[in-house]
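**Student:** Here you go, data_19.pdb (PDB, C-alpha atoms, pLDDT in the B column):
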ATOM      1  CA  MET A 551     178.718 189.880 126.246  1.00 49.00           C
ATOM      2  CA  ASP A 552     175.750 191.674 124.712  1.00 54.00           C
ATOM      3  CA  GLY A 553     176.595 190.184 121.311  1.00 51.00           C
ATOM      4  CA  SER A 554     176.612 186.684 122.795  1.00 55.00           C
ATOM      5  CA  SER A 555     173.212 187.212 124.444  1.00 55.00           C
ATOM      6  CA  GLN A 556     171.737 188.472 121.182  1.00 55.00           C
ATOM      7  CA  LYS A 557     173.038 185.392 119.343  1.00 51.00           C
ATOM      8  CA  ASP A 558     171.540 183.092 121.976  1.00 52.00           C
ATOM      9  CA  LYS A 559     168.187 184.895 121.693  1.00 49.00           C
ATOM     10  CA  THR A 560     168.266 184.595 117.894  1.00 48.00           C
ATOM     11  CA  LYS A 561     168.960 180.862 118.142  1.00 47.00           C
ATOM     12  CA  LEU A 562     166.054 180.491 120.594  1.00 45.00           C
ATOM     13  CA  ASP A 563     163.674 182.397 118.285  1.00 49.00           C
ATOM     14  CA  VAL A 564     164.668 180.239 115.320  1.00 44.00           C
ATOM     15  CA  SER A 565     164.244 177.097 117.407  1.00 46.00           C
ATOM     16  CA  ILE A 566     160.706 178.116 118.448  1.00 45.00           C
ATOM     17  CA  GLN A 567     159.736 179.016 114.884  1.00 44.00           C
ATOM     18  CA  HIS A 568     160.806 175.579 113.647  1.00 45.00           C
ATOM     19  CA  GLU A 569     159.316 173.686 116.587  1.00 53.00           C
ATOM     20  CA  CYS A 570     156.544 171.325 115.414  1.00 57.00           C
ATOM     21  CA  LEU A 571     153.213 172.807 116.489  1.00 60.00           C
ATOM     22  CA  ALA A 572     151.974 169.357 117.528  1.00 62.00           C
ATOM     23  CA  ASN A 573     154.761 169.079 120.141  1.00 68.00           C
ATOM     24  CA  LEU A 574     153.585 172.187 121.961  1.00 75.00           C
ATOM     25  CA  LEU A 575     150.504 170.393 123.349  1.00 79.00           C
ATOM     26  CA  PRO A 576     149.813 166.763 124.349  1.00 84.00           C
ATOM     27  CA  LEU A 577     147.568 164.444 122.316  1.00 87.00           C
ATOM     28  CA  GLU A 578     144.758 164.793 124.861  1.00 88.00           C
ATOM     29  CA  ILE A 579     144.478 168.532 124.161  1.00 90.00           C
ATOM     30  CA  TRP A 580     144.561 168.066 120.380  1.00 90.00           C
ATOM     31  CA  SER A 581     141.823 165.443 120.781  1.00 91.00           C
ATOM     32  CA  ILE A 582     139.664 168.138 122.377  1.00 93.00           C
ATOM     33  CA  ILE A 583     140.526 170.660 119.665  1.00 93.00           C
ATOM     34  CA  ALA A 584     139.867 168.278 116.745  1.00 94.00           C
ATOM     35  CA  PRO A 585     136.033 168.098 117.179  1.00 94.00           C
ATOM     36  CA  MET A 586     135.924 171.907 117.260  1.00 96.00           C
ATOM     37  CA  VAL A 587     137.833 172.020 113.981  1.00 95.00           C
ATOM     38  CA  ALA A 588     135.532 169.368 112.469  1.00 94.00           C
ATOM     39  CA  SER A 589     132.387 171.234 113.494  1.00 94.00           C
ATOM     40  CA  ASN A 590     133.643 174.416 111.870  1.00 95.00           C
ATOM     41  CA  SER A 591     135.052 173.107 108.565  1.00 94.00           C
ATOM     42  CA  ILE A 592     135.568 169.634 107.108  1.00 92.00           C
ATOM     43  CA  GLU A 593     138.269 171.105 104.846  1.00 93.00           C
ATOM     44  CA  ASP A 594     140.184 172.256 107.925  1.00 94.00           C
ATOM     45  CA  LEU A 595     139.663 168.813 109.430  1.00 94.00           C
ATOM     46  CA  PHE A 596     141.208 167.133 106.367  1.00 92.00           C
ATOM     47  CA  ASN A 597     144.138 169.570 106.471  1.00 92.00           C
ATOM     48  CA  MET A 598     144.672 168.838 110.150  1.00 92.00           C
ATOM     49  CA  GLN A 599     144.606 165.079 109.528  1.00 90.00           C
ATOM     50  CA  ALA A 600     147.222 165.425 106.799  1.00 90.00           C
ATOM     51  CA  THR A 601     149.596 167.569 108.859  1.00 88.00           C
ATOM     52  CA  CYS A 602     151.265 164.863 110.958  1.00 88.00           C
ATOM     53  CA  SER A 603     150.661 161.492 112.574  1.00 88.00           C
ATOM     54  CA  LEU A 604     149.810 163.064 115.944  1.00 89.00           C
ATOM     55  CA  PHE A 605     147.077 165.214 114.394  1.00 90.00           C
ATOM     56  CA  ALA A 606     145.837 162.205 112.435  1.00 90.00           C
ATOM     57  CA  SER A 607     145.488 160.286 115.711  1.00 91.00           C
ATOM     58  CA  ALA A 608     143.695 163.207 117.352  1.00 92.00           C
ATOM     59  CA  CYS A 609     141.196 163.338 114.483  1.00 93.00           C
ATOM     60  CA  ASN A 610     140.526 159.597 114.403  1.00 91.00           C
ATOM     61  CA  SER A 611     137.709 159.335 116.937  1.00 92.00           C
ATOM     62  CA  ASP A 612     133.927 158.989 116.813  1.00 94.00           C
ATOM     63  CA  VAL A 613     133.412 162.342 118.510  1.00 96.00           C
ATOM     64  CA  VAL A 614     135.287 164.092 115.670  1.00 96.00           C
ATOM     65  CA  TYR A 615     133.253 162.400 112.936  1.00 96.00           C
ATOM     66  CA  ARG A 616     130.036 162.910 114.896  1.00 95.00           C
ATOM     67  CA  HIS A 617     130.574 166.676 114.913  1.00 95.00           C
ATOM     68  CA  ALA A 618     131.960 167.045 111.372  1.00 96.00           C
ATOM     69  CA  LEU A 619     130.161 169.781 109.410  1.00 94.00           C
ATOM     70  CA  VAL A 620     128.619 167.426 106.837  1.00 91.00           C
ATOM     71  CA  SER A 621     125.594 169.687 106.317  1.00 87.00           C
ATOM     72  CA  VAL A 622     127.618 171.794 103.846  1.00 85.00           C
ATOM     73  CA  LEU A 623     127.548 168.860 101.400  1.00 83.00           C
ATOM     74  CA  PRO A 624     124.520 168.632  99.092  1.00 78.00           C
ATOM     75  CA  ILE A 625     121.885 165.999  99.886  1.00 78.00           C
ATOM     76  CA  ALA A 626     122.545 164.237  96.571  1.00 68.00           C
ATOM     77  CA  CYS A 627     126.324 164.306  96.872  1.00 60.00           C
ATOM     78  CA  PHE A 628     126.510 160.500  96.773  1.00 58.00           C
ATOM     79  CA  LEU A 629     125.895 160.670  93.014  1.00 55.00           C
ATOM     80  CA  ASP A 630     129.206 162.477  92.627  1.00 55.00           C
ATOM     81  CA  TYR A 631     131.096 160.733  95.440  1.00 58.00           C
ATOM     82  CA  SER A 632     130.043 157.100  95.029  1.00 58.00           C
ATOM     83  CA  GLY A 633     133.099 154.861  95.325  1.00 59.00           C
ATOM     84  CA  MET A 634     135.318 157.839  96.217  1.00 69.00           C
ATOM     85  CA  PRO A 635     137.015 158.785  99.527  1.00 73.00           C
ATOM     86  CA  ALA A 636     134.316 161.395 100.211  1.00 77.00           C
ATOM     87  CA  MET A 637     131.672 158.657 100.461  1.00 81.00           C
ATOM     88  CA  THR A 638     133.953 156.664 102.761  1.00 85.00           C
ATOM     89  CA  PHE A 639     134.183 159.785 104.927  1.00 89.00           C
ATOM     90  CA  LEU A 640     130.378 160.163 104.950  1.00 89.00           C
ATOM     91  CA  ARG A 641     129.896 156.527 105.947  1.00 89.00           C
ATOM     92  CA  ARG A 642     132.455 156.936 108.734  1.00 93.00           C
ATOM     93  CA  CYS A 643     130.545 159.979 109.998  1.00 95.00           C
ATOM     94  CA  ALA A 644     127.260 158.060 109.782  1.00 93.00           C
ATOM     95  CA  ARG A 645     128.680 155.184 111.853  1.00 94.00           C
ATOM     96  CA  ALA A 646     129.636 157.781 114.464  1.00 95.00           C
ATOM     97  CA  GLN A 647     125.951 158.900 114.484  1.00 94.00           C
ATOM     98  CA  ASN A 648     126.417 162.196 112.695  1.00 95.00           C
ATOM     99  CA  PRO A 649     122.770 162.929 111.748  1.00 94.00           C
ATOM    100  CA  ALA A 650     123.581 164.981 108.628  1.00 92.00           C
ATOM    101  CA  ALA A 651     125.798 162.159 107.351  1.00 92.00           C
ATOM    102  CA  MET A 652     123.122 159.577 108.162  1.00 91.00           C
ATOM    103  CA  LEU A 653     120.650 161.592 106.086  1.00 91.00           C
ATOM    104  CA  ARG A 654     122.975 161.534 103.074  1.00 88.00           C
ATOM    105  CA  VAL A 655     123.900 157.865 103.452  1.00 86.00           C
ATOM    106  CA  GLY A 656     120.237 156.975 103.904  1.00 86.00           C
ATOM    107  CA  MET A 657     119.420 158.819 100.690  1.00 84.00           C
ATOM    108  CA  SER A 658     122.136 156.869  98.878  1.00 80.00           C
ATOM    109  CA  HIS A 659     120.609 153.603 100.116  1.00 77.00           C
ATOM    110  CA  LEU A 660     117.210 154.762  98.914  1.00 76.00           C
ATOM    111  CA  PHE A 661     117.932 156.136  95.486  1.00 71.00           C
ATOM    112  CA  TRP A 662     121.328 154.785  94.498  1.00 63.00           C
ATOM    113  CA  CYS A 663     121.269 151.269  95.916  1.00 60.00           C
ATOM    114  CA  GLY A 664     117.492 150.791  95.784  1.00 57.00           C
ATOM    115  CA  HIS A 665     117.246 149.721  99.430  1.00 63.00           C
ATOM    116  CA  ARG A 666     114.100 151.681 100.214  1.00 68.00           C
ATOM    117  CA  ARG A 667     113.176 150.421 103.652  1.00 70.00           C
ATOM    118  CA  GLY A 668     116.828 150.149 104.677  1.00 72.00           C
ATOM    119  CA  GLY A 669     117.296 153.750 103.612  1.00 77.00           C
ATOM    120  CA  ILE A 670     114.226 154.855 105.540  1.00 81.00           C
ATOM    121  CA  ARG A 671     115.559 153.026 108.605  1.00 85.00           C
ATOM    122  CA  THR A 672     118.813 155.013 108.392  1.00 87.00           C
ATOM    123  CA  LEU A 673     116.836 158.233 107.913  1.00 89.00           C
ATOM    124  CA  THR A 674     114.655 157.549 110.947  1.00 88.00           C
ATOM    125  CA  GLU A 675     117.799 157.014 113.026  1.00 90.00           C
ATOM    126  CA  ALA A 676     118.879 160.501 111.920  1.00 92.00           C
ATOM    127  CA  VAL A 677     115.426 161.752 112.940  1.00 92.00           C
ATOM    128  CA  GLU A 678     115.931 160.353 116.432  1.00 91.00           C
ATOM    129  CA  LEU A 679     119.147 162.381 116.623  1.00 91.00           C
ATOM    130  CA  GLY A 680     117.233 165.568 115.788  1.00 89.00           C
ATOM    131  CA  ASP A 681     117.804 166.114 112.048  1.00 91.00           C
ATOM    132  CA  VAL A 682     114.721 168.008 110.820  1.00 93.00           C
ATOM    133  CA  GLU A 683     115.499 167.436 107.128  1.00 91.00           C
ATOM    134  CA  ALA A 684     115.637 163.687 107.733  1.00 91.00           C
ATOM    135  CA  CYS A 685     112.354 164.052 109.611  1.00 93.00           C
ATOM    136  CA  TYR A 686     110.709 165.699 106.595  1.00 93.00           C
ATOM    137  CA  ILE A 687     111.924 163.235 103.964  1.00 89.00           C
ATOM    138  CA  SER A 688     111.110 160.268 106.233  1.00 89.00           C
ATOM    139  CA  ALA A 689     107.549 161.539 106.620  1.00 91.00           C
ATOM    140  CA  MET A 690     107.159 161.994 102.863  1.00 87.00           C
ATOM    141  CA  LEU A 691     108.491 158.516 102.084  1.00 84.00           C
ATOM    142  CA  LEU A 692     106.631 156.672 104.838  1.00 86.00           C
ATOM    143  CA  LEU A 693     103.326 158.247 103.813  1.00 87.00           C
ATOM    144  CA  SER A 694     103.843 157.418 100.140  1.00 81.00           C
ATOM    145  CA  LEU A 695     104.968 153.787 100.418  1.00 74.00           C
ATOM    146  CA  GLY A 696     102.808 151.519  98.288  1.00 72.00           C
ATOM    147  CA  ASP A 697     102.672 148.785 100.932  1.00 72.00           C
ATOM    148  CA  LYS A 698     102.857 150.972 104.031  1.00 75.00           C
ATOM    149  CA  THR A 699     101.828 149.494 107.361  1.00 83.00           C
ATOM    150  CA  ASP A 700      99.708 151.209 110.012  1.00 85.00           C
ATOM    151  CA  ASP A 701     102.861 151.698 112.085  1.00 87.00           C
ATOM    152  CA  GLU A 702     104.628 153.401 109.159  1.00 85.00           C
ATOM    153  CA  ILE A 703     101.619 155.666 108.595  1.00 88.00           C
ATOM    154  CA  HIS A 704     101.576 156.583 112.278  1.00 89.00           C
ATOM    155  CA  ARG A 705     105.301 157.388 112.252  1.00 90.00           C
ATOM    156  CA  GLY A 706     104.931 159.358 109.022  1.00 90.00           C
ATOM    157  CA  PHE A 707     102.251 161.606 110.528  1.00 92.00           C
ATOM    158  CA  GLU A 708     104.299 161.883 113.719  1.00 93.00           C
ATOM    159  CA  PHE A 709     107.424 162.966 111.829  1.00 93.00           C
ATOM    160  CA  PHE A 710     105.515 165.523 109.765  1.00 94.00           C
ATOM    161  CA  CYS A 711     104.003 166.938 112.945  1.00 93.00           C
ATOM    162  CA  VAL A 712     107.532 167.544 114.297  1.00 94.00           C
ATOM    163  CA  VAL A 713     108.557 169.395 111.120  1.00 95.00           C
ATOM    164  CA  HIS A 714     105.305 171.388 111.050  1.00 93.00           C
ATOM    165  CA  GLU A 715     105.604 172.441 114.694  1.00 92.00           C
ATOM    166  CA  SER A 716     109.214 173.510 114.148  1.00 92.00           C
ATOM    167  CA  GLY A 717     108.138 175.762 111.263  1.00 92.00           C
ATOM    168  CA  ALA A 718     110.657 174.094 108.945  1.00 92.00           C
ATOM    169  CA  VAL A 719     108.353 172.764 106.185  1.00 91.00           C
ATOM    170  CA  GLU A 720     109.208 175.523 103.707  1.00 89.00           C
ATOM    171  CA  LYS A 721     112.925 175.245 104.447  1.00 89.00           C
ATOM    172  CA  CYS A 722     112.874 171.476 103.914  1.00 89.00           C
ATOM    173  CA  ARG A 723     111.034 171.906 100.603  1.00 85.00           C
ATOM    174  CA  GLU A 724     113.796 174.210  99.414  1.00 82.00           C
ATOM    175  CA  VAL A 725     116.546 171.841 100.581  1.00 81.00           C
ATOM    176  CA  PHE A 726     115.151 168.871  98.694  1.00 79.00           C
ATOM    177  CA  ALA A 727     114.023 170.879  95.687  1.00 72.00           C
ATOM    178  CA  GLY A 728     117.621 171.932  95.193  1.00 58.00           C
ATOM    179  CA  SER A 729     118.966 168.378  95.249  1.00 56.00           C
ATOM    180  CA  TRP A 730     116.240 166.188  93.822  1.00 54.00           C
ATOM    181  CA  SER A 731     116.742 166.844  90.126  1.00 49.00           C
ATOM    182  CA  ASP A 732     119.850 164.626  90.046  1.00 50.00           C
ATOM    183  CA  ILE A 733     118.296 161.776  92.034  1.00 50.00           C
ATOM    184  CA  PRO A 734     116.596 158.915  90.181  1.00 47.00           C
ATOM    185  CA  PRO A 735     113.329 158.792  92.193  1.00 48.00           C
ATOM    186  CA  ALA A 736     111.372 155.707  93.087  1.00 50.00           C
ATOM    187  CA  ASP A 737     108.006 155.228  91.409  1.00 50.00           C
ATOM    188  CA  PRO A 738     105.538 157.500  93.222  1.00 52.00           C
ATOM    189  CA  GLU A 739     102.737 155.879  95.198  1.00 57.00           C
ATOM    190  CA  GLU A 740      99.402 157.266  96.319  1.00 63.00           C
ATOM    191  CA  PRO A 741      99.832 159.264  99.537  1.00 68.00           C
ATOM    192  CA  VAL A 742      97.876 158.256 102.612  1.00 75.00           C
ATOM    193  CA  SER A 743      94.722 160.252 103.332  1.00 77.00           C
ATOM    194  CA  CYS A 744      93.776 161.948 106.568  1.00 78.00           C
ATOM    195  CA  ARG A 745      92.518 159.320 109.024  1.00 79.00           C
ATOM    196  CA  SER A 746      90.793 161.574 111.522  1.00 77.00           C
ATOM    197  CA  GLY A 747      87.083 160.779 111.772  1.00 77.00           C
ATOM    198  CA  SER A 748      86.270 164.192 113.272  1.00 79.00           C
ATOM    199  CA  CYS A 749      88.252 166.273 110.759  1.00 82.00           C
ATOM    200  CA  ARG A 750      86.291 169.053 109.022  1.00 79.00           C
ATOM    201  CA  THR A 751      88.813 169.529 106.217  1.00 82.00           C
ATOM    202  CA  ARG A 752      89.272 165.859 105.388  1.00 82.00           C
ATOM    203  CA  GLY A 753      89.223 165.323 101.628  1.00 72.00           C
ATOM    204  CA  THR A 754      88.504 168.980 100.861  1.00 74.00           C
ATOM    205  CA  ILE A 755      92.023 170.434 100.451  1.00 78.00           C
ATOM    206  CA  GLY A 756      93.057 171.110  96.872  1.00 73.00           C
ATOM    207  CA  ASP A 757      96.242 172.491  95.387  1.00 69.00           C
ATOM    208  CA  GLY A 758      94.966 176.065  95.545  1.00 66.00           C
ATOM    209  CA  SER A 759      93.493 175.846  99.056  1.00 68.00           C
ATOM    210  CA  ASP A 760      94.299 178.338 101.779  1.00 70.00           C
ATOM    211  CA  LEU A 761      96.102 176.300 104.431  1.00 77.00           C
ATOM    212  CA  SER A 762      96.325 179.069 107.018  1.00 74.00           C
ATOM    213  CA  SER A 763      93.105 177.979 108.717  1.00 73.00           C
ATOM    214  CA  VAL A 764      93.699 174.211 108.475  1.00 79.00           C
ATOM    215  CA  ALA A 765      94.191 172.797 111.954  1.00 81.00           C
ATOM    216  CA  CYS A 766      94.425 169.106 111.039  1.00 86.00           C
ATOM    217  CA  VAL A 767      98.065 168.045 110.820  1.00 87.00           C
ATOM    218  CA  GLN A 768      97.070 164.874 108.968  1.00 87.00           C
ATOM    219  CA  CYS A 769      95.393 166.923 106.230  1.00 86.00           C
ATOM    220  CA  LEU A 770      98.466 169.152 106.022  1.00 88.00           C
ATOM    221  CA  ALA A 771     100.682 166.063 105.784  1.00 87.00           C
ATOM    222  CA  GLU A 772      98.489 164.639 103.017  1.00 86.00           C
ATOM    223  CA  PHE A 773      98.730 167.921 101.094  1.00 85.00           C
ATOM    224  CA  GLU A 774     102.520 168.037 101.558  1.00 86.00           C
ATOM    225  CA  VAL A 775     102.984 164.461 100.315  1.00 85.00           C
ATOM    226  CA  ARG A 776     100.886 165.171  97.209  1.00 83.00           C
ATOM    227  CA  LYS A 777     102.966 168.285  96.584  1.00 81.00           C
ATOM    228  CA  PHE A 778     106.187 166.347  97.189  1.00 80.00           C
ATOM    229  CA  LEU A 779     105.242 163.579  94.761  1.00 76.00           C
ATOM    230  CA  GLY A 780     103.977 166.026  92.159  1.00 70.00           C
ATOM    231  CA  ILE A 781     107.134 168.137  92.165  1.00 60.00           C
ATOM    232  CA  TYR A 782     109.925 165.655  92.808  1.00 56.00           C
ATOM    233  CA  CYS A 783     108.731 162.292  91.526  1.00 52.00           C
ATOM    234  CA  VAL A 784     107.493 163.003  88.022  1.00 43.00           C
TER     235      VAL A 784
END
In structure tokens, how does this file's structure come out?
**Tutor:**
Amino acid sequence: MDGSSQKDKTKLDVSIQHECLANLLPLEIWSIIAPMVASNSIEDLFNMQATCSLFASACNSDVVYRHALVSVLPIACFLDYSGMPAMTFLRRCARAQNPAAMLRVGMSHLFWCGHRRGGIRTLTEAVELGDVEACYISAMLLLSLGDKTDDEIHRGFEFFCVVHESGAVEKCREVFAGSWSDIPPADPEEPVSCRSGSCRTRGTIGDGSDLSSVACVQCLAEFEVRKFLGIYCV
């Protein structure tokens, strides 16, 4: 009798070990788990998608692509991924309003396809979703457009103010400095100057100036655009 019970237990253990993991939980639960996987690792997301058709279904939703950890990919990755599945993945994430993906797709429109204003439009959509890096590059581009409108100048200063107040200017410089060397830049234009009539530092800030006492955000934006163009667009 004991031998029979042991055999039954062994059969049960083997059955559990070979049970498909997907069958242990319903699709609704896996659909909740999938965004968590995507937000932690896109490699794990791809592995999950490839496991079985149930997992593939659980991963095929906007919420998954919206939370995918695209920020681990370099800003200029489109140069390596153009026409490849990775770019298709980025575009799918961008359509789901993943701000990091929108930043990268917007950059591809700007510097790979030559659609400058279309690229800026995609970047500003990423800004509205809270991407500070998109905010920085949008400010730099809007304030250096050759045929910029008053509205574009206003938005450029507004975007830079957001980055400045968040304390992320230095971080954004480093992010774009690390990716810009492989990007064919557009021809640099003259940056907009400070427009404040009551500004005491207007037109006085040089490359070696001490910015710690500069209160005018427009002057700081002008300095940053000059620095941006001088470093990345030569």
**Student:** Excluding Val614 of chain A and residues on its chain fewer than 3 positions from it, collect all residues at most 12 Å away from it, counting all atoms listed in the file, and give them as a VMD selection string.
**Tutor:** chain A and resid 580 to 592 595 to 596 598 to 599 605 to 611 617 to 620 639 642 to 648
**Student:** Please, what is the axis-aligned box for every listed atom of segment 694-701 of chain A with 3 Å on each side, as centre and edge lengths in Å to one decimal, as JSON?
**Tutor:**
{"center_x": 102.3, "center_y": 153.1, "center_z": 105.2, "size_x": 11.3, "size_y": 14.6, "size_z": 19.8}
**Student:** To one decimal place in Å, what is the distance between atom CA of Thr672 of chain A and atom CA of Leu653 of chain A?
**Tutor:**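 Distance between the two atoms: 7.2 Å.
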**Student:** One decimal, Å: what's the distance from atom CA of Ser603 of chain A over to atom CA of Ala650 of chain A, could you say?
**Tutor:**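 These two atoms are separated by 27.6 Å.
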**Student:** I want to know what sits within 12 Å of Ala765 of chain A, based on all atoms listed in the file, with residues of the same chain fewer than 2 positions away left out; could you give that as a PDB file with C-alpha atoms, in the frame of the given file?
**Tutor:**
ATOM      1  CA  CYS A 711     104.003 166.938 112.945  1.00 93.00           C
ATOM      2  CA  HIS A 714     105.305 171.388 111.050  1.00 93.00           C
ATOM      3  CA  GLU A 715     105.604 172.441 114.694  1.00 92.00           C
ATOM      4  CA  SER A 746      90.793 161.574 111.522  1.00 77.00           C
ATOM      5  CA  SER A 748      86.270 164.192 113.272  1.00 79.00           C
ATOM      6  CA  CYS A 749      88.252 166.273 110.759  1.00 82.00           C
ATOM      7  CA  ARG A 750      86.291 169.053 109.022  1.00 79.00           C
ATOM      8  CA  THR A 751      88.813 169.529 106.217  1.00 82.00           C
ATOM      9  CA  ARG A 752      89.272 165.859 105.388  1.00 82.00           C
ATOM     10  CA  ILE A 755      92.023 170.434 100.451  1.00 78.00           C
ATOM     11  CA  ASP A 760      94.299 178.338 101.779  1.00 70.00           C
ATOM     12  CA  LEU A 761      96.102 176.300 104.431  1.00 77.00           C
ATOM     13  CA  SER A 762      96.325 179.069 107.018  1.00 74.00           C
ATOM     14  CA  SER A 763      93.105 177.979 108.717  1.00 73.00           C
ATOM     15  CA  VAL A 767      98.065 168.045 110.820  1.00 87.00           C
ATOM     16  CA  GLN A 768      97.070 164.874 108.968  1.00 87.00           C
ATOM     17  CA  CYS A 769      95.393 166.923 106.230  1.00 86.00           C
ATOM     18  CA  LEU A 770      98.466 169.152 106.022  1.00 88.00           C
ATOM     19  CA  ALA A 771     100.682 166.063 105.784  1.00 87.00           C
TER      20      ALA A 771
END
**Student:** Of the candidates A:Ser694, A:Thr754, A:Ser688, A:Ser621, which one gets nearest to Arg776 of chain A if we count only C-alpha atoms?
**Tutor:**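 Result for the nearest residue to Arg776 of chain A: A:Ser694.
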**Student:** For a test of reading the model, state the distance in Å between atom CA of Asp681 of chain A and atom CA of Asn597 of chain A, rounded to one decimal.
**Tutor:**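 Value for the atom CA of Asp681 of chain A-atom CA of Asn597 of chain A distance: 27.1 Å.
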